[in-house]
$ cat upload-v3.tsv   # TSV, C-alpha atoms
chain	number	residue	atom	x	y	z
D	1	MET	CA	12.16	59.03	-0.34
D	2	ASN	CA	12.81	59.52	3.39
D	3	GLU	CA	9.99	62.00	3.62
D	4	LEU	CA	7.75	59.56	1.87
D	5	LEU	CA	8.67	56.77	4.33
D	6	GLN	CA	8.17	59.06	7.30
D	7	THR	CA	4.76	60.08	6.04
D	8	TYR	CA	3.43	56.79	4.77
D	9	TRP	CA	5.26	54.21	6.94
D	10	PRO	CA	1.98	52.74	8.22
D	11	LEU	CA	1.03	51.88	4.62
D	12	ILE	CA	4.45	50.30	4.00
D	13	VAL	CA	4.21	48.25	7.20
D	14	ALA	CA	0.70	47.21	6.23
D	15	ALA	CA	1.94	46.01	2.82
D	16	LEU	CA	4.75	44.09	4.54
D	17	LEU	CA	2.27	42.42	6.93
D	18	VAL	CA	-0.06	41.56	4.06
D	19	GLY	CA	2.88	39.91	2.28
D	20	ILE	CA	3.79	37.92	5.39
D	21	ALA	CA	0.16	36.89	5.92
D	22	ILE	CA	-0.21	35.68	2.33
D	23	ALA	CA	3.09	33.81	2.53
D	24	TRP	CA	1.95	32.16	5.78
D	25	TYR	CA	-1.25	31.04	4.13
D	26	VAL	CA	0.42	29.79	0.96
D	27	PHE	CA	3.41	28.07	2.51
D	28	HIS	CA	2.04	26.92	5.82
D	29	ALA	CA	-1.70	26.98	6.48
D	30	SER	CA	-2.89	25.60	3.15
D	31	ARG	CA	-0.37	22.76	3.23
D	32	ARG	CA	-1.47	21.31	6.54
D	33	THR	CA	-2.89	17.82	6.31
D	34	ARG	CA	-6.52	17.88	7.23
D	35	ILE	CA	-8.36	14.77	8.27
D	36	THR	CA	-11.92	15.27	7.09
D	37	GLY	CA	-13.40	11.79	7.17
D	38	THR	CA	-17.14	11.50	7.41
D	39	SER	CA	-17.17	7.84	8.40
D	40	ARG	CA	-18.16	7.04	11.91
D	41	ASP	CA	-15.66	5.96	14.47
D	42	VAL	CA	-15.34	2.19	14.80
D	43	LEU	CA	-16.07	2.46	18.50
D	44	ASP	CA	-19.48	3.97	17.73
D	45	GLU	CA	-20.64	0.42	17.12
D	46	GLY	CA	-19.96	-0.41	20.74
D	47	ALA	CA	-17.76	-3.11	22.18
D	48	ALA	CA	-19.76	-6.09	20.87
D	49	PRO	CA	-17.97	-6.45	17.50
D	50	ALA	CA	-14.60	-6.24	19.20
D	51	GLU	CA	-15.59	-9.00	21.64
D	52	ARG	CA	-16.90	-11.14	18.78
D	53	ASN	CA	-13.63	-10.70	16.87
D	54	LYS	CA	-11.60	-11.52	19.95
D	55	ALA	CA	-13.65	-14.69	20.48
D	56	LEU	CA	-13.05	-15.69	16.84
D	57	ILE	CA	-9.33	-15.12	17.22
D	58	ASP	CA	-9.14	-17.12	20.42
D	59	SER	CA	-11.30	-20.02	19.22
D	60	ALA	CA	-9.74	-23.20	17.88
D	61	PRO	CA	-9.11	-23.23	14.11
D	62	ALA	CA	-12.05	-24.63	12.15
D	63	ALA	CA	-9.91	-26.65	9.78
D	64	THR	CA	-7.03	-28.97	10.44
D	65	PRO	CA	-3.98	-28.78	8.23
D	66	MET	CA	-4.36	-30.78	5.04
D	67	GLU	CA	-2.71	-34.15	4.82
D	68	PRO	CA	-1.30	-35.34	1.51
D	69	PRO	CA	-3.27	-38.19	-0.11
D	70	ALA	CA	-2.27	-41.76	0.65
D	71	GLY	CA	-0.82	-42.36	-2.81
D	72	VAL	CA	1.57	-39.46	-2.59
D	73	ALA	CA	4.85	-39.86	-0.82
D	74	PRO	CA	5.94	-36.31	-0.36
D	75	THR	CA	9.52	-35.32	-0.37
D	76	ALA	CA	10.32	-33.55	2.84
D	77	PRO	CA	9.42	-29.92	2.29
D	78	SER	CA	11.94	-27.40	3.40
D	79	PRO	CA	10.86	-25.23	6.33
D	80	ALA	CA	10.21	-22.39	3.92
D	81	GLY	CA	8.11	-24.68	1.71
D	82	ASP	CA	8.56	-25.74	-1.89
D	83	ASP	CA	9.28	-23.45	-4.79
D	84	LEU	CA	5.73	-23.38	-6.09
D	85	THR	CA	6.77	-21.45	-9.19
D	86	ARG	CA	8.13	-24.73	-10.58
D	87	ILE	CA	4.52	-25.55	-11.39
D	88	LYS	CA	3.85	-24.42	-14.92
D	89	GLY	CA	1.28	-21.62	-15.00
D	90	LEU	CA	2.08	-20.57	-11.45
D	91	GLY	CA	4.22	-17.45	-11.24
D	92	PRO	CA	5.68	-15.47	-8.36
D	93	LYS	CA	2.50	-13.48	-7.85
D	94	LEU	CA	0.32	-16.56	-7.57
D	95	ALA	CA	2.92	-18.24	-5.38
D	96	ALA	CA	2.75	-15.29	-3.01
D	97	THR	CA	-1.04	-15.46	-2.99
D	98	LEU	CA	-0.92	-19.16	-2.20
D	99	ARG	CA	1.59	-18.59	0.59
D	100	GLY	CA	-0.85	-16.09	2.02
D	101	LEU	CA	-3.50	-18.82	1.94
D	102	GLY	CA	-1.20	-21.20	3.78
D	103	VAL	CA	-0.24	-23.28	0.74
D	104	THR	CA	3.51	-23.75	0.71
D	105	SER	CA	4.21	-27.27	-0.52
D	106	PHE	CA	3.56	-29.44	-3.56
D	107	ALA	CA	2.04	-32.08	-1.29
D	108	GLN	CA	-0.68	-29.67	-0.22
D	109	ILE	CA	-1.60	-28.88	-3.82
D	110	ALA	CA	-1.44	-32.56	-4.73
D	111	GLY	CA	-4.03	-33.21	-2.05
D	112	TRP	CA	-6.62	-30.75	-3.32
D	113	ASP	CA	-10.04	-32.16	-4.18
D	114	ASP	CA	-12.67	-30.40	-6.30
D	115	GLY	CA	-14.07	-28.48	-3.33
D	116	GLU	CA	-10.64	-27.31	-2.27
D	117	ILE	CA	-9.77	-26.30	-5.84
D	118	ASP	CA	-12.95	-24.24	-6.01
D	119	ARG	CA	-12.17	-22.62	-2.65
D	120	ILE	CA	-8.61	-21.68	-3.63
D	121	ASP	CA	-9.65	-20.69	-7.15
D	122	ALA	CA	-12.07	-18.16	-5.73
D	123	GLU	CA	-9.14	-16.41	-4.06
D	124	LEU	CA	-7.04	-16.09	-7.21
D	125	GLY	CA	-8.76	-13.04	-8.67
D	126	ARG	CA	-7.91	-12.58	-12.34
D	127	PHE	CA	-6.02	-15.88	-12.34
D	128	GLN	CA	-9.17	-17.87	-11.69
D	129	GLY	CA	-9.34	-21.10	-13.65
D	130	ARG	CA	-5.58	-21.57	-13.74
D	131	ILE	CA	-5.63	-24.52	-11.33
D	132	ARG	CA	-7.64	-26.76	-13.63
D	133	ARG	CA	-6.39	-25.28	-16.90
D	134	ASP	CA	-2.77	-25.97	-16.04
D	135	ASP	CA	-3.49	-29.09	-13.97
D	136	TRP	CA	-1.67	-27.86	-10.88
D	137	VAL	CA	-2.75	-30.92	-8.94
D	138	GLY	CA	-1.27	-33.32	-11.49
D	139	GLN	CA	1.92	-31.28	-11.69
D	140	ALA	CA	2.17	-31.04	-7.92
D	141	LYS	CA	1.74	-34.81	-7.50
D	142	LEU	CA	4.70	-35.47	-9.76
D	143	LEU	CA	6.80	-32.73	-8.17
D	144	ALA	CA	5.94	-33.95	-4.67
D	145	GLN	CA	7.10	-37.43	-5.65
D	146	GLY	CA	10.24	-35.95	-7.13
D	147	ASP	CA	9.36	-37.55	-10.48
D	148	GLU	CA	11.06	-34.99	-12.68
D	149	SER	CA	11.27	-37.22	-15.75
D	150	GLY	CA	7.55	-38.00	-15.53
D	151	PHE	CA	6.90	-34.29	-15.12
D	152	ALA	CA	9.03	-33.39	-18.13
D	153	GLU	CA	7.32	-36.06	-20.21
D	154	ARG	CA	3.84	-34.84	-19.39
D	155	TYR	CA	4.21	-31.09	-18.89
D	156	GLY	CA	7.49	-30.22	-20.57
D	157	LYS	CA	10.93	-29.58	-19.22
D	158	LEU	CA	11.20	-28.12	-15.75
D	159	SER	CA	12.22	-24.50	-15.76
J	21	MET	CA	8.44	60.64	-10.70
J	22	PRO	CA	4.94	61.17	-9.31
J	23	LEU	CA	4.37	60.68	-5.63
J	24	TRP	CA	1.75	57.95	-6.02
J	25	PHE	CA	4.18	55.98	-8.19
J	26	GLU	CA	6.90	56.10	-5.58
J	27	LEU	CA	4.46	55.11	-2.89
J	28	ALA	CA	3.12	52.21	-4.96
J	29	ALA	CA	6.67	51.02	-5.66
J	30	LEU	CA	7.51	51.13	-1.96
J	31	MET	CA	4.36	49.19	-1.07
J	32	VAL	CA	5.04	46.54	-3.70
J	33	ALA	CA	8.59	46.24	-2.41
J	34	ALA	CA	7.31	45.89	1.15
J	35	TYR	CA	4.78	43.30	0.04
J	36	GLY	CA	7.53	41.35	-1.73
J	37	ALA	CA	9.72	41.56	1.36
J	38	GLY	CA	6.83	40.18	3.40
J	39	LEU	CA	6.45	37.25	1.02
J	40	GLY	CA	10.18	36.61	1.28
J	41	ILE	CA	10.10	36.65	5.07
J	42	GLY	CA	7.13	34.29	5.07
J	43	TRP	CA	8.84	31.90	2.67
J	44	ALA	CA	11.98	31.91	4.78
J	45	LEU	CA	9.93	31.17	7.88
J	46	TRP	CA	7.56	28.48	6.58
J	47	GLY	CA	8.11	27.71	2.91
J	48	ARG	CA	11.71	26.56	3.08
J	49	LYS	CA	11.12	24.27	6.05
J	50	GLU	CA	8.11	22.57	4.51
J	51	GLN	CA	9.91	22.04	1.23
J	52	GLU	CA	12.55	20.11	3.13
J	53	GLU	CA	9.88	17.96	4.77
J	54	ASP	CA	8.27	16.86	1.48
$ encode --input "upload-v3.tsv" --output "structure tokens"
Amino acid sequence: MNELLQTYWPLIVAALLVGIAIAWYVFHASRRTRITGTSRDVLDEGAAPAERNKALIDSAPAATPMEPPAGVAPTAPSPAGDDLTRIKGLGPKLAATLRGLGVTSFAQIAGWDDGEIDRIDAELGRFQGRIRRDDWVGQAKLLAQGDESGFAERYGKLS
Amino acid sequence: MPLWFELAALMVAAYGAGLGIGWALWGRKEQEED
């Protein structure tokens, strides 16, 4: 055995190095995260889009916050807004979507006209059509007025 | 035992030792990172 090692040690060392090299490739080199995107860099478009976006951000908002209709006397919404899930047909997921659209109170929903309903409806994805189907506006008017008995009579008991 | 067999066994052992060293150096650390 010793004679063999003395004679063929270069082969043994070579086998050891091959083992180390393969282990390096398997455990280290092939597991590196490579970023191989082919899309162009956003700055390739130049600075004009960035300036346009900045101007849009800085400009005054195009729409003013919605006011509730004259006939609706809203109960004072809490700072966090109303619990929109009290509206039948409006679950937590839709409530989150509406919050993202800036709708947080019953009074806002009660004030929607057809155009506004269409605009919001377009943002609801697979829940499109729910607003009219479940009469959110009618429900929200009653909830905004705090008319729970009227609500229960028309839409069923509040959950 | 023929000479070539002993030599082959030694080389396989050395290769295995190399894999073990490599795993200890890089494999163990990256497993911890996952």
$ interface_residues --input "upload-v3.tsv" --of "chain D" --to "chain J" --cutoff "12 Å" --atoms "all atoms listed in the file" --output "VMD selection string"
chain D and resid 1 to 32
$ atom_distance --input "upload-v3.tsv" --atom1 "CA of Ile109 (chain D)" --atom2 "CA of Trp136 (chain D)"
7.1 Å
$ atom_distance --input "upload-v3.tsv" --atom1 "CA of Gln128 (chain D)" --atom2 "CA of Gly146 (chain D)"
26.9 Å
$ residues_around --input "upload-v3.tsv" --residues "Asp113 (chain D)" --least-positions-apart "2" --cutoff "12 Å" --atoms "all atoms listed in the file" --output "count of residues only"
20
$ atom_distance --input "upload-v3.tsv" --atom1 "CA of Ala140 (chain D)" --atom2 "CA of Phe106 (chain D)"
4.8 Å
$ closest_residue --input "upload-v3.tsv" --among "D:Phe151, D:Gly89, D:Asp114, D:Gln139" --to "Phe127 (chain D)" --atoms "all atoms listed in the file"
D:Gly89
$ axis_aligned_box --input "upload-v3.tsv" --around "region 26-32 of chain J" --padding-each-side "3 Å" --output "JSON"
{"center_x": 5.3, "center_y": 51.3, "center_z": -3.4, "size_x": 10.4, "size_y": 15.6, "size_z": 10.6}
